[in-house]
Every structure is written in C-alpha cells, then in structure tokens.
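A.B. asks: Structure in structure tokens, see below.
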Amino acid sequence: MPEIQVGIIMGSDSDLPIMQKCADALDEFGIGWEMVISSAHRHPEKTARYARGAADAGLKVIIAGAGGAAHLPGVIASMTLLPVIGVPIAIEPLGGVDSLYSIVQMPQGIPVATVAINGAYNAGLLAVHIMAAHDEKMRNRLNIYRQKLAAKVEEKDCALRDQLGRCKRPEPGDQ
Ligand code: RP5
C-alpha cells in the first residue's frame with residue numbers, strides 16, 4: 001500500500017461518482033489517498049478537525065469537492081497551509097455554475113486551485129503535479145503520461161485521414 005499523501009474530501013456521498021475520478025488519477029501514478037465525507041455547513045466541527053490535522057497526518061495535498069453553495073474547499077484552505085484543490089460539482093438546479101463561483105472566487109490571501117466543473121480527474125492530476133515539483137520519478141511518469149496523450153492524438157489523426165482517404169500532409173523534415 002502506498003503512503004497516503006492526498007486527502008480527498010467531499011460534501012456528500014452524492015459527490016462520490018465524480019470525486020472517485022480523483023482517486024483514479026492518483027492510482028495511475030501510484031499515489032496513496034484517503035477519502036472522507038464532511039461538510040462545511042452540515043458538520044463544520046468535523047471539517048475543521050480534518051483540515052487542522054491534515055498536515056500532521058502526513059498529507060501533502062487536499063482535494064475538496066462540493067456542489068451548490070460549495071464552501072468546503074475554501075473553509076478547509078482557511079485552516080491548513082497545505083495546497084487545496086477545489087472541485088465544483090454539478091448539481092441541480094444551477095448545474096455547477098453555483099459551485100464553480102463559490103469555489104473559484106476566494107478572497108486574496110486564501111487560495112484554492114479550482115478545476116473545471118466535475119473536473120475531478122484533473123484535480124487528481126494536479127495533485128500529482130504539485131508533488132512532482134520535488135520528485136523526479138514522478139516528473140518522469142508525468143512525461144510518459146504526456147507522451148501517451150500525444151500518441152493518442154496522432155492515432156486519431158491517422159484514423160481520420162484513413163477515413164477521408166487522404167495521405168498525411170508532408171511536414172518539414174519528411175522525405
Ligand atoms: C453539497 O450539497 C454536497 O457537496 C453535494 O454536492 C450537495 C448535495 O448534497 P446531498 O443533498 O446530496 O447530500 O454540500
């Protein structure tokens with residue numbers, strides 16, 4: 001079992017199908033995580049305990065997801081010096097714009113790195129990037145990940161050209 005370095009916290013179990021994607025991204029890079037449900041509004045004491053104890057518990061990054069009046073990431077960021085990544089979750093009736101604005105519009109002094117609405121996979125990936133700043137092995141893994149992304153684009157481009165019956169456009173350096 002890898003050492004737990006990332007805390008994934010969400011406002012409700014209804015956020016889990018989205019927030020699971022943070023864990024998926026971290027698993028791809030072999031980074032250990034824990035998952036917790038708490039709420040800035042429904043259980044502020046638990047949220048404060050979690051945020052205040054996170055660094056001593058060995059966490060390096062916290063990812064917090066919430067929908068609606070999504071104060072969980074900002075409240076956590078106010079109670080820890082660890083980097084906090086916020087995931088706005090899309091819920092009815094406003095479809096996530098409410099969550100996005102609640103998370104992204106932090107006052108100067110207490111930053112939350114906000115990803116896209118339901119952008120939980122990128123939140124996990126951003127946590128990897130943060131940890132890679134001091135970890136060469138992790139940077140190498142990120143480079144390989146990027147190379148795979150580029151290879152997939154090439155594959156799709158080739159498939160499209162096959163479908164259109166066109167040859168690859170010659171590029172400088174091609175014979
Ligand atoms: C937020 O309220 C949670 O993060 C969730 O996105 C939303 C709805 O929660 P439930 O009513 O489904 O528990 O605090």
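Going through the structure tokens in order, the chains are called A, B, and so on, while each chain numbers its residues from 1 and the ligands are numbered from 1 in the order shown.
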Please report as a Markdown table every residue of segment 73-166 of chain A lying within 12 Å of segment 24-43 of chain A, along with the nearest atom pair and their distance in Å (one decimal), using only C-alpha atoms.

C.D. replies:
| residue | atom | partner | partner_atom | distance |
| --- | --- | --- | --- | --- |
| A:Pro73 | CA | A:Ala40 | CA | 8.5 |
| A:Gly74 | CA | A:Ala40 | CA | 9.1 |
| A:Val75 | CA | A:Ala40 | CA | 6.8 |
| A:Ile76 | CA | A:Ala40 | CA | 8.3 |
| A:Ala77 | CA | A:Ala40 | CA | 11.5 |
| A:Ser78 | CA | A:Ala40 | CA | 11.7 |
| A:Met79 | CA | A:Ala40 | CA | 11.9 |
| A:Gly119 | CA | A:Ala25 | CA | 11.3 |
| A:Ala120 | CA | A:Ala25 | CA | 8.7 |
| A:Tyr121 | CA | A:Ala25 | CA | 5.7 |
| A:Asn122 | CA | A:Ala25 | CA | 7.7 |
| A:Ala123 | CA | A:Ala25 | CA | 8.4 |
| A:Gly124 | CA | A:Ala25 | CA | 5.2 |
| A:Leu125 | CA | A:Ala25 | CA | 5.8 |
| A:Leu126 | CA | A:Ala25 | CA | 9.4 |
| A:Ala127 | CA | A:Leu26 | CA | 8.0 |
| A:Val128 | CA | A:Leu26 | CA | 7.0 |
| A:His129 | CA | A:Phe29 | CA | 10.5 |
| A:Met131 | CA | A:Ile31 | CA | 9.6 |
| A:Ala132 | CA | A:Phe29 | CA | 10.5 |
| A:Lys137 | CA | A:Phe29 | CA | 10.2 |
| A:Met138 | CA | A:Phe29 | CA | 7.6 |
| A:Arg139 | CA | A:Phe29 | CA | 10.3 |
| A:Asn140 | CA | A:Phe29 | CA | 10.6 |
| A:Arg141 | CA | A:Phe29 | CA | 7.2 |
| A:Leu142 | CA | A:Phe29 | CA | 8.4 |
| A:Asn143 | CA | A:Phe29 | CA | 11.7 |
| A:Ile144 | CA | A:Phe29 | CA | 10.9 |
| A:Tyr145 | CA | A:Phe29 | CA | 9.4 |

A.B. asks: Given a cut-off of 8 Å, what residues near ligand 1 show up using only C-alpha atoms and all ligand atoms, put as a compact mmCIF listing (two decimals) with N, CA, C and O atoms, in the first residue's frame?

C.D. replies:
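Output below, filename out.txt:
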# COMPACT_ATOMS: atom_id res chain seq x y z
N MET A 10 -15.24 15.31 0.42
CA MET A 10 -16.41 15.75 -0.36
C MET A 10 -17.58 16.01 0.58
O MET A 10 -17.65 15.45 1.69
N GLY A 11 -18.52 16.85 0.09
CA GLY A 11 -19.60 17.31 0.94
C GLY A 11 -20.67 16.27 1.21
O GLY A 11 -21.40 16.36 2.21
N SER A 12 -20.78 15.28 0.33
CA SER A 12 -21.85 14.28 0.48
C SER A 12 -21.51 13.04 -0.33
O SER A 12 -20.68 13.11 -1.27
N ASP A 13 -22.18 11.94 -0.02
CA ASP A 13 -21.94 10.73 -0.82
C ASP A 13 -22.45 10.91 -2.25
O ASP A 13 -22.03 10.20 -3.16
N SER A 14 -23.32 11.89 -2.47
CA SER A 14 -23.81 12.13 -3.84
C SER A 14 -22.69 12.69 -4.74
O SER A 14 -22.80 12.69 -5.95
N ASP A 15 -21.59 13.17 -4.12
CA ASP A 15 -20.45 13.67 -4.90
C ASP A 15 -19.51 12.55 -5.32
O ASP A 15 -18.61 12.76 -6.15
N SER A 39 -18.72 18.23 5.73
CA SER A 39 -19.49 19.33 5.13
C SER A 39 -19.20 20.62 5.88
O SER A 39 -19.17 20.62 7.13
N ALA A 40 -18.97 21.68 5.11
CA ALA A 40 -18.71 22.99 5.73
C ALA A 40 -19.93 23.47 6.48
O ALA A 40 -19.81 24.20 7.48
N HIS A 41 -21.13 23.06 6.04
CA HIS A 41 -22.37 23.58 6.64
C HIS A 41 -23.02 22.58 7.59
O HIS A 41 -23.47 22.95 8.67
N ARG A 42 -23.02 21.30 7.18
CA ARG A 42 -23.75 20.31 7.97
C ARG A 42 -22.92 19.72 9.10
O ARG A 42 -23.46 19.16 10.05
N GLY A 65 -14.24 18.52 -2.90
CA GLY A 65 -15.31 18.69 -3.89
C GLY A 65 -16.64 18.94 -3.21
O GLY A 65 -16.94 18.34 -2.17
N ALA A 66 -17.42 19.86 -3.77
CA ALA A 66 -18.74 20.12 -3.22
C ALA A 66 -19.61 20.76 -4.30
O ALA A 66 -19.11 21.34 -5.26
N GLY A 67 -20.92 20.63 -4.11
CA GLY A 67 -21.87 21.21 -5.07
C GLY A 67 -22.71 22.29 -4.40
O GLY A 67 -22.76 22.40 -3.18
N GLY A 68 -23.35 23.11 -5.22
CA GLY A 68 -24.23 24.17 -4.71
C GLY A 68 -23.44 25.30 -4.07
O GLY A 68 -22.51 25.83 -4.66
N ALA A 69 -23.84 25.68 -2.85
CA ALA A 69 -23.08 26.71 -2.10
C ALA A 69 -21.84 26.03 -1.55
O ALA A 69 -21.76 25.65 -0.39
N ALA A 70 -20.85 25.90 -2.43
CA ALA A 70 -19.74 24.95 -2.20
C ALA A 70 -18.62 25.61 -1.39
O ALA A 70 -17.60 26.01 -1.95
N LEU A 72 -16.88 24.13 1.08
CA LEU A 72 -15.95 23.17 1.71
C LEU A 72 -14.47 23.44 1.35
O LEU A 72 -13.64 23.54 2.26
N ILE A 89 -18.85 20.64 -8.09
CA ILE A 89 -19.69 19.52 -8.54
C ILE A 89 -20.99 20.07 -9.12
O ILE A 89 -21.62 20.96 -8.53
N ALA A 90 -21.39 19.53 -10.27
CA ALA A 90 -22.64 19.97 -10.92
C ALA A 90 -23.84 19.34 -10.23
O ALA A 90 -23.93 18.11 -10.15
N ILE A 91 -24.72 20.15 -9.66
CA ILE A 91 -25.99 19.64 -9.14
C ILE A 91 -27.11 20.55 -9.64
O ILE A 91 -26.87 21.67 -10.08

A.B. asks: Atom CA of Ile117 of chain A and atom CA of Gly58 of chain A are how many Å apart?

C.D. replies: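 Between these atoms lies a distance of 28.1 Å.
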
A.B. asks: Among segment 22-54 of chain A, which residues carry a DSSP assignment of alpha helix (DSSP H), reported as a ChimeraX atom specification?

C.D. replies: /A:22-28,44-53

A.B. asks: Pull all heavy atoms from the residues just selected and write them as a CSV table (one decimal), in the first residue's frame.

C.D. replies:
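That gives us result_33.csv:
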chain,number,residue,atom,x,y,z
A,22,CYS,N,-10.8,11.5,-8.9
A,22,CYS,CA,-9.5,12.0,-8.3
A,22,CYS,C,-8.7,10.8,-8.0
A,22,CYS,O,-7.5,10.7,-8.2
A,22,CYS,CB,-9.7,12.7,-7.0
A,22,CYS,SG,-10.8,14.2,-7.1
A,23,ALA,N,-9.3,9.8,-7.3
A,23,ALA,CA,-8.6,8.6,-6.9
A,23,ALA,C,-8.1,7.8,-8.1
A,23,ALA,O,-7.0,7.3,-8.0
A,23,ALA,CB,-9.6,7.7,-6.0
A,24,ASP,N,-8.9,7.8,-9.2
A,24,ASP,CA,-8.4,7.1,-10.4
A,24,ASP,C,-7.1,7.7,-10.9
A,24,ASP,O,-6.2,6.9,-11.2
A,24,ASP,CB,-9.5,7.1,-11.5
A,24,ASP,CG,-10.8,6.4,-11.1
A,24,ASP,OD1,-10.8,5.6,-10.1
A,24,ASP,OD2,-11.8,6.7,-11.7
A,25,ALA,N,-7.1,9.0,-10.9
A,25,ALA,CA,-5.9,9.7,-11.4
A,25,ALA,C,-4.7,9.4,-10.5
A,25,ALA,O,-3.6,9.0,-11.0
A,25,ALA,CB,-6.1,11.2,-11.5
A,26,LEU,N,-4.9,9.4,-9.2
A,26,LEU,CA,-3.8,9.2,-8.2
A,26,LEU,C,-3.3,7.8,-8.3
A,26,LEU,O,-2.1,7.5,-8.2
A,26,LEU,CB,-4.3,9.5,-6.8
A,26,LEU,CG,-4.6,11.0,-6.6
A,26,LEU,CD1,-5.3,11.3,-5.3
A,26,LEU,CD2,-3.3,11.8,-6.6
A,27,ASP,N,-4.3,6.8,-8.5
A,27,ASP,CA,-3.9,5.4,-8.6
A,27,ASP,C,-3.0,5.2,-9.8
A,27,ASP,O,-2.1,4.4,-9.8
A,27,ASP,CB,-5.2,4.5,-8.8
A,27,ASP,CG,-5.9,4.3,-7.5
A,27,ASP,OD1,-5.3,4.6,-6.4
A,27,ASP,OD2,-7.1,3.9,-7.5
A,28,GLU,N,-3.3,5.9,-10.9
A,28,GLU,CA,-2.4,5.8,-12.1
A,28,GLU,C,-1.0,6.1,-11.9
A,28,GLU,O,-0.1,5.6,-12.5
A,28,GLU,CB,-2.9,6.7,-13.3
A,28,GLU,CG,-4.1,6.1,-14.0
A,28,GLU,CD,-4.4,7.0,-15.3
A,28,GLU,OE1,-3.5,7.2,-16.1
A,28,GLU,OE2,-5.6,7.3,-15.4
A,44,PRO,N,-19.6,21.4,10.4
A,44,PRO,CA,-18.4,22.2,10.4
A,44,PRO,C,-17.3,21.8,11.4
A,44,PRO,O,-16.1,22.0,11.1
A,44,PRO,CB,-18.9,23.6,10.8
A,44,PRO,CG,-20.3,23.4,11.4
A,44,PRO,CD,-20.8,22.1,10.8
A,45,GLU,N,-17.6,21.2,12.5
A,45,GLU,CA,-16.6,20.8,13.5
A,45,GLU,C,-15.7,19.7,12.9
A,45,GLU,O,-14.5,19.7,13.0
A,45,GLU,CB,-17.2,20.2,14.8
A,45,GLU,CG,-18.0,21.3,15.6
A,45,GLU,CD,-19.5,21.4,15.2
A,45,GLU,OE1,-19.9,20.7,14.2
A,45,GLU,OE2,-20.2,22.3,15.7
A,46,LYS,N,-16.4,18.7,12.3
A,46,LYS,CA,-15.6,17.6,11.6
A,46,LYS,C,-14.7,18.2,10.6
A,46,LYS,O,-13.5,17.8,10.4
A,46,LYS,CB,-16.5,16.6,11.1
A,46,LYS,CG,-15.8,15.4,10.4
A,46,LYS,CD,-16.7,14.4,9.8
A,46,LYS,CE,-15.9,13.3,9.2
A,46,LYS,NZ,-16.7,12.3,8.6
A,47,THR,N,-15.2,19.1,9.8
A,47,THR,CA,-14.4,19.7,8.7
A,47,THR,C,-13.2,20.4,9.2
A,47,THR,O,-12.1,20.3,8.7
A,47,THR,CB,-15.3,20.7,7.9
A,47,THR,OG1,-16.4,19.9,7.3
A,47,THR,CG2,-14.6,21.4,6.8
A,48,ALA,N,-13.4,21.2,10.3
A,48,ALA,CA,-12.3,21.9,10.9
A,48,ALA,C,-11.2,20.9,11.5
A,48,ALA,O,-10.0,21.1,11.3
A,48,ALA,CB,-12.8,22.8,12.0
A,49,ARG,N,-11.7,19.9,12.1
A,49,ARG,CA,-10.8,18.9,12.7
A,49,ARG,C,-9.9,18.3,11.6
A,49,ARG,O,-8.7,18.1,11.7
A,49,ARG,CB,-11.6,17.8,13.4
A,49,ARG,CG,-11.6,17.8,14.9
A,49,ARG,CD,-12.0,16.5,15.5
A,49,ARG,NE,-13.1,15.8,14.9
A,49,ARG,CZ,-14.4,16.0,15.1
A,49,ARG,NH1,-14.7,17.0,16.0
A,49,ARG,NH2,-15.3,15.3,14.6
A,50,TYR,N,-10.6,17.9,10.5
A,50,TYR,CA,-9.9,17.3,9.4
A,50,TYR,C,-8.8,18.3,8.8
A,50,TYR,O,-7.7,17.9,8.6
A,50,TYR,CB,-10.9,16.9,8.3
A,50,TYR,CG,-10.2,16.1,7.2
A,50,TYR,CD1,-9.9,14.8,7.3
A,50,TYR,CD2,-9.8,16.8,6.0
A,50,TYR,CE1,-9.2,14.1,6.3
A,50,TYR,CE2,-9.1,16.0,5.0
A,50,TYR,CZ,-8.9,14.7,5.2
A,50,TYR,OH,-8.2,14.0,4.2
A,51,ALA,N,-9.2,19.5,8.5
A,51,ALA,CA,-8.3,20.5,7.9
A,51,ALA,C,-7.1,20.8,8.8
A,51,ALA,O,-6.0,20.8,8.4
A,51,ALA,CB,-9.1,21.8,7.6
A,52,ARG,N,-7.4,20.9,10.1
A,52,ARG,CA,-6.3,21.3,11.1
A,52,ARG,C,-5.4,20.1,11.3
A,52,ARG,O,-4.2,20.4,11.6
A,52,ARG,CB,-6.9,21.8,12.4
A,52,ARG,CG,-7.7,23.1,12.2
A,52,ARG,CD,-7.8,23.8,13.6
A,52,ARG,NE,-8.2,25.2,13.3
A,52,ARG,CZ,-9.5,25.7,13.6
A,52,ARG,NH1,-10.4,24.9,14.1
A,52,ARG,NH2,-9.8,26.9,13.3
A,53,GLY,N,-5.8,18.9,11.2
A,53,GLY,CA,-5.0,17.7,11.4
A,53,GLY,C,-4.3,17.2,10.2
A,53,GLY,O,-3.5,16.3,10.3

A.B. asks: Within 9 Å of Ala55 of chain A, counting only C-alpha atoms, which residues show up once you throw out same-chain ones fewer than 4 positions away? Write them as a list in words, please.

C.D. replies: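 Contacts, in chain order: Ala51, Leu59, Lys60, Val61, Thr80, Leu81 and Leu82 of chain A.
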
A.B. asks: May I ask for the distance between atom CA of Val153 of chain A and atom CA of Asn118 of chain A, given in Å to one decimal place?

C.D. replies: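 These two atoms are separated by 23.2 Å.
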
A.B. asks: Which parts of segment 27-63 of chain A does DSSP call strand (DSSP E) when run on the backbone here, written out as a ChimeraX atom specification?

C.D. replies: /A:32-37,61-63

A.B. asks: Have a look at atom CA of Ser102 of chain A and atom CA of Ala116 of chain A and let me know their distance in Å, one decimal.

C.D. replies: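 One can read the atom CA of Ser102 of chain A to atom CA of Ala116 of chain A distance as 12.6 Å.
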